[in-house]
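**Q** One structure is given below, represented as structure tokens, and several questions about it will come after.
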Amino acid sequence: MSTPKRYTITAALPYTNGPIHIGHLAGVYVPADIYARYLRLTGNDVAFICGSDEHGVPITIKAKKEGVSPQDIVDKYHAIIKKSFEDFGISLDNYSRTSAKIHHDTASEFFTTLYKKGEFIEEVTEQLYDEEANQFLADRFVVGTCPKCGNEESYGDQCENCGTSHNATDLINPKSAITGNVPTLKQTKHWFLPLDKHEDFLKEWILKGHKKDWKPNVYGQVKSWIDDGLRPRAVTRDLDWGIPVPLPDAEGKVLYVWFDAPIGYISATKEWAEREGKDWEPYWKDKDTKLVHFIGKDNIVFHCIIFPAMLKAEGSYILPDNVPANEFLNLEGNKLSTSKNWAVWLPEYLEDFPNQQDVLRYALTANAPESKDNDFTWKDFQARNNNELVAIFGNFINRVVVLTNKYYNGIVPEPSEFFEIDEETLATVKAYPSVISSSIERYRFREASQELMNLARLGNKYLADEEPWKLIKVDEERTKTIMYVALQIASALATLSEPFLPFTSNKLKGILGLCYNEEQSDVVISSNKEITTTQKNESRNDALTWKDISSKEILLPAGHQIGKAELLFSKIEDETVQAQVDKLLATKKANEAANKTIEPQKETITFDDFTKLDIRVGTILEAEKMPKTKKLLVLKVDTGIDIRTIVSGIAESFTPKEVVGKKVTVLVNLAPRALRGVESQGMILMTETPEGKLVFVNPDDTSVTNGLHIS
Ligand SMILES: [Zn+2]
């Protein structure tokens with residue numbers, strides 16, 4: 001495509017059974033937002049589209065668990081997710097939902113068109129059925145062993161371990177997720193999309209056509225799918241939650257969630273166009289439109305094989321120009337997991353770091369999992385903030401604004417003669433838009449964010465080298481030139497940072513007085529939460545566009561009044577990030593405790609067996625560490641019968657001091673045994689918590705005296 005007339009940018013529809021976390025933000029929504037904001041700033045016609053994916057089995061399972069309706073679940077999380085996107089400045093043109101009527105209509109119509117064109121195979125097949133629950137077991141209603149990788153907890157539609165997508169009947173040893181029963185097979189009719197029929201087209205279009213411009217991780221996954229051979233995929237399900245199959249003989253059947261969800265991009269575009277009084281069709285049907293899907297790597301097969309096959313079969317739609325899927329983001333070395341609560345949830349982040357959305361956006365972009373899985377650590381987050389945002393970007397802007405106010409009452413000074421360093425610096429600034437553009441257009445957002453930081457570095461170095469704070473005392477004219485140049489760099493930063501740091505960019509534009517329009521400065525001054533469509537559209541009237549930074553001789557003219565300094569970023573202390581790490585460690589411990597298996601009951605014994613054990617109350621009189629061991633304490637214990645020596649492996653849980661005077665339970669008739677040369681005459685009864693801490697089995701009533709039997 002030479003120059004696209006317009007862009008349709010889609011971001012993966014979040015599944016509406018929970019809030020979203022940093023992995024989603026890093027993998028899909030921040031890169032998509034940077035791309036969309038950049039395109040708008042460069043004057044392009046953009047539809048940036050997303051919505052809640054509200055059908056499918058996991059939602060019905062969650063609803064069942066919580067005793068509410070699936071609609072209750074999706075209403076709850078749709079609102080939470082929508083708010084998170086607004087809070088983090090994801091500048092969607094429309095955030096719709098697949099339970100909306102417009103989507104039901106669009107998806108039904110799409111199915112009907114393919115049906116009428118004879119694009120489906122209609123087949124009665126045997127599907128897994130749970131006799132007790134009286135229902136078919138589609139997708140996540142069934143768990144079993146993955147035929148490809150052997151993962152024993154693969155779902156019916158997809159294995160989360162190896163990413164393979166399969167049919168439920170492919171699972172080895174399938175079990176119902178509802179009752180745990182082994183399912184039976186029962187006949188039912190379904191409609192299949194014959195993917196094998198589209199193999200040649202997919203080979204031609206992707207394997208030949210996109211070898212060079214698609215990311216290697218995406219291309220590689222698609223190639224391995226096609227090389228394995230494609231098979232027909234059922235696009236309907238026996239379920240009661242979803243879009244009813246629009247055919248007379250399809251009662252109790254709905255469209256497969258992965259058939260209807262991508263059509264959600266189309267219905268969300270329609271909804272937006274209706275609201276804006278536009279025609280939606282060019283955004284999906286004009287060959288001069290560039291369609292880009294932002295997704296995570298677990299969705300590659302659906303966006304690169306199944307959805308394109310659907311679009312191709314329909315016939316009137318364009319195909320994606322690129323699908324820049326990201327790899328996964330891990331958190332402190334472990335896989336992000338909703339069920340294990342191993343995540344940083346966006347609503348929680350905002351509570352702990354109010355008004356610091358840009359810090360998270362920046363840290364996630366600078367460390368984005370673009371070409372391989374990557375790890376988010378709180379240490380790195382702190383370092384990105386303190387060493388880059390605060391020390392470079394924030395420091396530069398603060399110096400420029402403070403000095404301009406101090407020396408010139410906030411009025412941009414008239415420069416005198418430019419030295420070579422000034423000319424060079426200004427020329428370098430002019431080169432930045434194309435440098436950053438080149439990275440963004442190749443979907444290299446990490447690289448782009450580092451180039452932006454390099455521009456701030458340039459400004460910081462320029463001031464540090466020229467030292468206007470020293471020069472002001474000896475050469476006022478030269479100082480004016482330096483401050484003028486620095487103010488031009490600050491203006492460039494205000495504009496070029498918008499895709500990456502929208503809140504900061506807004507604030508900086510306000511400080512520099514780059515929004516001339518009264519109404520706009522209101523928006524700029526208002527809190528960060530107010531990044532709404534109003535702000536987004538009005539900012540198009542900003543004084544400076546992306547191209548202006550290269551082409552305009554003067555970005556901030558002499559005589560222009562700027563505002564007072566405000567801190568753009570603030571230092572994050574060690575205690576703050578440590579608190580976050582501690583929170584995760586607590587989660588980890590709770591997970592381990594929950595996973596610790598309860599040991600099965602031992603073999604039955606008789607009462608006589610039990611009475612052989614002579615268990616008494618005792619008191620520890622003395623305790624000392626056994627030399628050269630980690631675990632052992634040598635105890636003197638008053639058993640009521642005598643005072644004896646017992647060696648006990650409790651030194652890692654207690655110091656000698658802590659146990660002296662402790663009332664304990666003692667097995668007194670255990671045969672003596674020598675431990676490290678000390679004879680131990682009995683055993684103190686202990687138990688162990690899931691965290692590995694030993695606890696005394698403790699007769700803790702004071703009226704219980706030494707020597708009493710425990711029976
Ligand atoms: Zn697998």
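A note on labels: chains of the structure tokens are A, B, ... as shown, every chain counts residues from 1, and ligands are counted from 1 in their shown order.
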I'd like the contact shell of region 130-142 of chain A - 10 Å cut-off, only C-alpha atoms, skipping same-chain residues fewer than 5 positions apart - returned as a VMD selection string.
**A** chain A and resid 56 to 58 60 to 61 153 to 158 166 to 169 171 174 to 188 236 to 239 256 to 257
**Q** Go ahead and save the residues from that selection, with N, CA, C and O atoms, as a tab-separated table (two decimals), in the first residue's frame.
**A**
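Dumped everything to out_8.tsv:
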chain	number	residue	atom	x	y	z
A	56	GLY	N	-19.12	-16.69	25.22
A	56	GLY	CA	-18.17	-17.77	25.50
A	56	GLY	C	-18.38	-18.43	26.84
A	56	GLY	O	-19.06	-17.91	27.73
A	57	VAL	N	-17.77	-19.60	26.98
A	57	VAL	CA	-18.00	-20.46	28.13
A	57	VAL	C	-17.46	-19.92	29.46
A	57	VAL	O	-18.16	-20.01	30.48
A	58	PRO	N	-16.24	-19.34	29.50
A	58	PRO	CA	-15.72	-18.93	30.83
A	58	PRO	C	-16.66	-17.98	31.57
A	58	PRO	O	-16.76	-18.04	32.80
A	60	THR	N	-19.94	-17.99	31.42
A	60	THR	CA	-21.05	-18.76	32.00
A	60	THR	C	-20.57	-19.56	33.21
A	60	THR	O	-21.30	-19.72	34.18
A	61	ILE	N	-19.32	-20.02	33.16
A	61	ILE	CA	-18.78	-20.76	34.31
A	61	ILE	C	-18.65	-19.83	35.51
A	61	ILE	O	-19.04	-20.16	36.63
A	153	GLU	N	-3.99	-30.19	31.58
A	153	GLU	CA	-5.08	-29.28	31.89
A	153	GLU	C	-5.47	-28.42	30.70
A	153	GLU	O	-5.83	-27.25	30.84
A	154	SER	N	-5.40	-28.98	29.53
A	154	SER	CA	-5.77	-28.23	28.33
A	154	SER	C	-7.30	-28.09	28.28
A	154	SER	O	-8.03	-28.96	28.72
A	155	TYR	N	-7.75	-26.94	27.77
A	155	TYR	CA	-9.19	-26.74	27.57
A	155	TYR	C	-9.62	-27.37	26.25
A	155	TYR	O	-8.81	-27.73	25.41
A	156	GLY	N	-10.94	-27.43	26.08
A	156	GLY	CA	-11.49	-28.05	24.89
A	156	GLY	C	-11.18	-27.31	23.60
A	156	GLY	O	-11.15	-27.90	22.53
A	157	ASP	N	-10.97	-25.99	23.68
A	157	ASP	CA	-10.72	-25.23	22.46
A	157	ASP	C	-9.28	-24.83	22.26
A	157	ASP	O	-8.83	-24.62	21.15
A	158	GLN	N	-8.56	-24.70	23.38
A	158	GLN	CA	-7.18	-24.22	23.25
A	158	GLN	C	-6.34	-24.68	24.43
A	158	GLN	O	-6.83	-24.73	25.55
A	166	HIS	N	-7.63	-26.48	19.25
A	166	HIS	CA	-8.12	-27.77	18.75
A	166	HIS	C	-9.61	-27.96	19.02
A	166	HIS	O	-10.24	-27.10	19.64
A	167	ASN	N	-10.15	-29.07	18.56
A	167	ASN	CA	-11.54	-29.41	18.85
A	167	ASN	C	-11.59	-30.19	20.16
A	167	ASN	O	-10.65	-30.92	20.49
A	168	ALA	N	-12.72	-30.04	20.88
A	168	ALA	CA	-12.84	-30.68	22.19
A	168	ALA	C	-12.64	-32.20	22.09
A	168	ALA	O	-12.08	-32.83	23.00
A	169	THR	N	-13.08	-32.78	20.98
A	169	THR	CA	-12.97	-34.24	20.84
A	169	THR	C	-11.53	-34.69	20.60
A	169	THR	O	-11.24	-35.87	20.63
A	171	LEU	N	-9.11	-33.92	22.61
A	171	LEU	CA	-8.47	-34.07	23.92
A	171	LEU	C	-8.36	-35.54	24.31
A	171	LEU	O	-9.25	-36.35	24.05
A	174	PRO	N	-10.68	-36.74	28.27
A	174	PRO	CA	-11.47	-35.54	28.58
A	174	PRO	C	-12.32	-35.73	29.84
A	174	PRO	O	-12.77	-36.84	30.13
A	175	LYS	N	-12.49	-34.63	30.59
A	175	LYS	CA	-13.36	-34.63	31.77
A	175	LYS	C	-14.23	-33.39	31.74
A	175	LYS	O	-13.80	-32.33	31.31
A	176	SER	N	-15.46	-33.53	32.23
A	176	SER	CA	-16.35	-32.39	32.30
A	176	SER	C	-15.87	-31.42	33.37
A	176	SER	O	-15.57	-31.81	34.49
A	177	ALA	N	-15.82	-30.12	33.02
A	177	ALA	CA	-15.42	-29.11	34.01
A	177	ALA	C	-16.58	-28.79	34.95
A	177	ALA	O	-16.41	-28.12	35.95
A	178	ILE	N	-17.77	-29.27	34.61
A	178	ILE	CA	-18.94	-28.98	35.45
A	178	ILE	C	-19.07	-30.02	36.55
A	178	ILE	O	-19.19	-29.69	37.72
A	179	THR	N	-19.01	-31.31	36.18
A	179	THR	CA	-19.24	-32.36	37.17
A	179	THR	C	-18.00	-33.22	37.43
A	179	THR	O	-17.96	-33.99	38.38
A	180	GLY	N	-16.99	-33.11	36.57
A	180	GLY	CA	-15.81	-33.97	36.70
A	180	GLY	C	-16.02	-35.33	36.06
A	180	GLY	O	-15.12	-36.17	36.04
A	181	ASN	N	-17.22	-35.57	35.53
A	181	ASN	CA	-17.52	-36.86	34.91
A	181	ASN	C	-16.77	-37.06	33.60
A	181	ASN	O	-16.40	-36.09	32.94
A	182	VAL	N	-16.57	-38.33	33.25
A	182	VAL	CA	-16.05	-38.63	31.92
A	182	VAL	C	-17.22	-38.46	30.94
A	182	VAL	O	-18.27	-39.07	31.12
A	183	PRO	N	-17.06	-37.60	29.94
A	183	PRO	CA	-18.20	-37.34	29.05
A	183	PRO	C	-18.49	-38.52	28.12
A	183	PRO	O	-17.62	-39.34	27.84
A	184	THR	N	-19.73	-38.54	27.65
A	184	THR	CA	-20.09	-39.51	26.62
A	184	THR	C	-20.11	-38.75	25.29
A	184	THR	O	-19.92	-37.54	25.26
A	185	LEU	N	-20.34	-39.49	24.20
A	185	LEU	CA	-20.45	-38.82	22.91
A	185	LEU	C	-21.91	-38.81	22.49
A	185	LEU	O	-22.61	-39.80	22.66
A	186	LYS	N	-22.34	-37.67	21.98
A	186	LYS	CA	-23.73	-37.58	21.56
A	186	LYS	C	-23.76	-36.82	20.24
A	186	LYS	O	-22.98	-35.91	20.02
A	187	GLN	N	-24.71	-37.22	19.38
A	187	GLN	CA	-24.77	-36.60	18.06
A	187	GLN	C	-25.41	-35.21	18.11
A	187	GLN	O	-26.37	-34.98	18.84
A	188	THR	N	-24.84	-34.31	17.36
A	188	THR	CA	-25.42	-32.97	17.25
A	188	THR	C	-24.95	-32.34	15.94
A	188	THR	O	-23.89	-32.69	15.43
A	236	THR	N	-20.17	-23.04	15.40
A	236	THR	CA	-21.37	-22.99	16.25
A	236	THR	C	-21.14	-23.88	17.46
A	236	THR	O	-20.25	-24.72	17.47
A	237	ARG	N	-21.96	-23.67	18.47
A	237	ARG	CA	-21.82	-24.40	19.73
A	237	ARG	C	-23.20	-24.72	20.30
A	237	ARG	O	-24.14	-23.95	20.08
A	238	ASP	N	-23.30	-25.81	21.07
A	238	ASP	CA	-24.52	-26.08	21.83
A	238	ASP	C	-24.40	-25.38	23.17
A	238	ASP	O	-23.80	-25.89	24.10
A	239	LEU	N	-24.94	-24.19	23.26
A	239	LEU	CA	-24.79	-23.36	24.47
A	239	LEU	C	-25.99	-22.44	24.54
A	239	LEU	O	-26.67	-22.21	23.54
A	256	TYR	N	-19.99	-19.68	17.76
A	256	TYR	CA	-18.77	-19.86	18.54
A	256	TYR	C	-18.21	-18.47	18.84
A	256	TYR	O	-18.18	-17.59	17.97
A	257	VAL	N	-17.77	-18.27	20.10
A	257	VAL	CA	-17.32	-16.94	20.52
A	257	VAL	C	-16.20	-16.40	19.63
A	257	VAL	O	-16.14	-15.20	19.36
**Q** Could the residues of chain A that have an atom at most 8 Å from ligand 1 be listed as CSV, each with its closest atom pair and the distance in Å to one decimal, counting only C-alpha atoms and all ligand atoms and ordered by chain and ascending residue number?
**A**
residue,atom,partner,partner_atom_place_in_ligand_line,distance
A:Thr145,CA,ligand 1,1 (Zn),7.8
A:Cys146,CA,ligand 1,1 (Zn),4.6
A:Pro147,CA,ligand 1,1 (Zn),6.7
A:Lys148,CA,ligand 1,1 (Zn),5.1
A:Cys149,CA,ligand 1,1 (Zn),4.1
A:Gly150,CA,ligand 1,1 (Zn),6.0
A:Asn151,CA,ligand 1,1 (Zn),5.3
A:Ser154,CA,ligand 1,1 (Zn),6.5
A:Gln158,CA,ligand 1,1 (Zn),7.7
A:Cys159,CA,ligand 1,1 (Zn),4.5
A:Glu160,CA,ligand 1,1 (Zn),6.6
A:Asn161,CA,ligand 1,1 (Zn),5.1
A:Cys162,CA,ligand 1,1 (Zn),4.1
A:Gly163,CA,ligand 1,1 (Zn),6.2
A:Thr164,CA,ligand 1,1 (Zn),5.6
**Q** Output all heavy atoms for every residue in that selection, as an mmCIF file, in the first residue's frame.
**A**
data_model
loop_
_atom_site.group_PDB
_atom_site.id
_atom_site.type_symbol
_atom_site.label_atom_id
_atom_site.label_comp_id
_atom_site.auth_asym_id
_atom_site.auth_seq_id
_atom_site.Cartn_x
_atom_site.Cartn_y
_atom_site.Cartn_z
ATOM 1 N N THR A 145 -6.085 -33.880 28.303
ATOM 2 C CA THR A 145 -4.675 -33.801 27.918
ATOM 3 C C THR A 145 -4.546 -33.291 26.486
ATOM 4 O O THR A 145 -5.219 -33.777 25.583
ATOM 5 C CB THR A 145 -4.023 -35.189 28.052
ATOM 6 O OG1 THR A 145 -4.206 -35.624 29.405
ATOM 7 C CG2 THR A 145 -2.542 -35.137 27.737
ATOM 8 N N CYS A 146 -3.666 -32.290 26.315
ATOM 9 C CA CYS A 146 -3.434 -31.700 24.993
ATOM 10 C C CYS A 146 -2.779 -32.733 24.078
ATOM 11 O O CYS A 146 -1.784 -33.342 24.449
ATOM 12 C CB CYS A 146 -2.530 -30.474 25.140
ATOM 13 S SG CYS A 146 -1.898 -29.844 23.578
ATOM 14 N N PRO A 147 -3.364 -32.957 22.904
ATOM 15 C CA PRO A 147 -2.801 -33.962 22.003
ATOM 16 C C PRO A 147 -1.430 -33.551 21.452
ATOM 17 O O PRO A 147 -0.682 -34.386 20.984
ATOM 18 C CB PRO A 147 -3.829 -34.052 20.872
ATOM 19 C CG PRO A 147 -4.578 -32.750 20.919
ATOM 20 C CD PRO A 147 -4.559 -32.306 22.353
ATOM 21 N N LYS A 148 -1.117 -32.262 21.573
ATOM 22 C CA LYS A 148 0.154 -31.816 20.996
ATOM 23 C C LYS A 148 1.295 -31.816 22.017
ATOM 24 O O LYS A 148 2.366 -32.320 21.738
ATOM 25 C CB LYS A 148 -0.013 -30.419 20.392
ATOM 26 C CG LYS A 148 1.205 -29.977 19.598
ATOM 27 C CD LYS A 148 0.864 -28.938 18.559
ATOM 28 C CE LYS A 148 2.088 -28.611 17.710
ATOM 29 N NZ LYS A 148 1.860 -27.460 16.863
ATOM 30 N N CYS A 149 1.041 -31.253 23.211
ATOM 31 C CA CYS A 149 2.155 -31.095 24.159
ATOM 32 C C CYS A 149 2.013 -31.945 25.413
ATOM 33 O O CYS A 149 2.917 -32.006 26.229
ATOM 34 C CB CYS A 149 2.327 -29.624 24.532
ATOM 35 S SG CYS A 149 1.091 -29.019 25.691
ATOM 36 N N GLY A 150 0.862 -32.599 25.610
ATOM 37 C CA GLY A 150 0.719 -33.457 26.779
ATOM 38 C C GLY A 150 0.293 -32.736 28.056
ATOM 39 O O GLY A 150 0.180 -33.348 29.103
ATOM 40 N N ASN A 151 0.048 -31.414 27.959
ATOM 41 C CA ASN A 151 -0.452 -30.663 29.113
ATOM 42 C C ASN A 151 -1.774 -31.280 29.571
ATOM 43 O O ASN A 151 -2.719 -31.371 28.795
ATOM 44 C CB ASN A 151 -0.636 -29.191 28.696
ATOM 45 C CG ASN A 151 -1.440 -28.379 29.702
ATOM 46 O OD1 ASN A 151 -1.478 -28.707 30.895
ATOM 47 N ND2 ASN A 151 -2.085 -27.329 29.209
ATOM 48 N N SER A 154 -5.397 -28.982 29.526
ATOM 49 C CA SER A 154 -5.774 -28.228 28.332
ATOM 50 C C SER A 154 -7.295 -28.086 28.282
ATOM 51 O O SER A 154 -8.031 -28.962 28.719
ATOM 52 C CB SER A 154 -5.292 -28.959 27.083
ATOM 53 O OG SER A 154 -5.771 -28.301 25.931
ATOM 54 N N GLN A 158 -8.557 -24.697 23.380
ATOM 55 C CA GLN A 158 -7.183 -24.224 23.247
ATOM 56 C C GLN A 158 -6.345 -24.675 24.428
ATOM 57 O O GLN A 158 -6.828 -24.727 25.552
ATOM 58 C CB GLN A 158 -7.159 -22.691 23.151
ATOM 59 C CG GLN A 158 -5.812 -22.147 22.719
ATOM 60 C CD GLN A 158 -5.833 -20.644 22.453
ATOM 61 O OE1 GLN A 158 -6.736 -19.945 22.878
ATOM 62 N NE2 GLN A 158 -4.828 -20.163 21.745
ATOM 63 N N CYS A 159 -5.092 -25.014 24.147
ATOM 64 C CA CYS A 159 -4.162 -25.383 25.208
ATOM 65 C C CYS A 159 -3.373 -24.146 25.584
ATOM 66 O O CYS A 159 -2.719 -23.551 24.740
ATOM 67 C CB CYS A 159 -3.230 -26.487 24.728
ATOM 68 S SG CYS A 159 -1.862 -26.803 25.866
ATOM 69 N N GLU A 160 -3.435 -23.772 26.860
ATOM 70 C CA GLU A 160 -2.737 -22.560 27.280
ATOM 71 C C GLU A 160 -1.238 -22.783 27.397
ATOM 72 O O GLU A 160 -0.470 -21.836 27.457
ATOM 73 C CB GLU A 160 -3.309 -22.056 28.613
ATOM 74 C CG GLU A 160 -4.685 -21.463 28.431
ATOM 75 C CD GLU A 160 -5.132 -20.604 29.600
ATOM 76 O OE1 GLU A 160 -4.652 -20.846 30.718
ATOM 77 O OE2 GLU A 160 -5.968 -19.709 29.381
ATOM 78 N N ASN A 161 -0.838 -24.041 27.424
ATOM 79 C CA ASN A 161 0.590 -24.329 27.546
ATOM 80 C C ASN A 161 1.315 -24.146 26.222
ATOM 81 O O ASN A 161 2.328 -23.467 26.158
ATOM 82 C CB ASN A 161 0.775 -25.755 28.066
ATOM 83 C CG ASN A 161 2.226 -26.048 28.372
ATOM 84 O OD1 ASN A 161 2.895 -25.260 29.042
ATOM 85 N ND2 ASN A 161 2.724 -27.155 27.858
ATOM 86 N N CYS A 162 0.780 -24.726 25.144
ATOM 87 C CA CYS A 162 1.507 -24.662 23.870
ATOM 88 C C CYS A 162 0.790 -23.774 22.858
ATOM 89 O O CYS A 162 1.300 -23.543 21.770
ATOM 90 C CB CYS A 162 1.707 -26.058 23.292
ATOM 91 S SG CYS A 162 0.195 -26.859 22.769
ATOM 92 N N GLY A 163 -0.377 -23.243 23.214
ATOM 93 C CA GLY A 163 -1.063 -22.310 22.323
ATOM 94 C C GLY A 163 -1.860 -22.986 21.219
ATOM 95 O O GLY A 163 -2.516 -22.321 20.428
ATOM 96 N N THR A 164 -1.824 -24.323 21.158
ATOM 97 C CA THR A 164 -2.550 -25.031 20.107
ATOM 98 C C THR A 164 -4.057 -24.845 20.268
ATOM 99 O O THR A 164 -4.576 -24.869 21.377
ATOM 100 C CB THR A 164 -2.237 -26.536 20.162
ATOM 101 O OG1 THR A 164 -0.847 -26.687 19.998
ATOM 102 C CG2 THR A 164 -2.968 -27.296 19.081
#
**Q** Considering only C-alpha atoms, return as a PyMOL selection string whatever protein or nucleic-acid residues lie within 10 Å of Ser570 (chain A), sequence-local ones (same chain, fewer than 6 positions apart) excluded.
**A** chain A and resi 356+359+385-386+389-391+394
**Q** Could you please write out, as a PyMOL selection string, every residue of region 250-352 of chain A that DSSP assigns to alpha helix (DSSP H)?
**A** chain A and resi 257-276+282-285+300-301+307-314+346-352
**Q** Counting only C-alpha atoms, which of A:Ala594, A:Ala492, A:Ile554, A:Val222 gets nearest to Ala325 (chain A)?
**A** A:Val222
**Q** Could you tell me which of A:Ala309, A:Ile295, A:Ile684, A:Val647 comes closest to Thr619 (chain A) if we count only C-alpha atoms?
**A**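 Among the listed residues, the smallest separation from Thr619 (chain A) belongs to A:Ile684.
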**Q** Counting only C-alpha atoms, what is within 9 Å of region 416-423 of chain A, bar same-chain residues fewer than 4 positions away, as number ranges by chain?
**A** A: 427-428, 462, 477-478, 480-482, 485
**Q** Keeping only C-alpha atoms, write those residues as a PDB file, in the first residue's frame.
**A**
ATOM      1  CA  ALA A 427      18.884  20.641  13.346  1.00  0.00           C
ATOM      2  CA  THR A 428      19.011  17.474  15.466  1.00  0.00           C
ATOM      3  CA  TYR A 462      22.627  21.167  25.922  1.00  0.00           C
ATOM      4  CA  GLU A 477      22.636  38.093  25.273  1.00  0.00           C
ATOM      5  CA  ARG A 478      24.146  34.613  24.989  1.00  0.00           C
ATOM      6  CA  LYS A 480      18.834  34.561  25.864  1.00  0.00           C
ATOM      7  CA  THR A 481      19.868  32.476  22.854  1.00  0.00           C
ATOM      8  CA  ILE A 482      20.466  29.397  24.979  1.00  0.00           C
ATOM      9  CA  VAL A 485      16.913  27.093  21.956  1.00  0.00           C
TER      10      VAL A 485
END
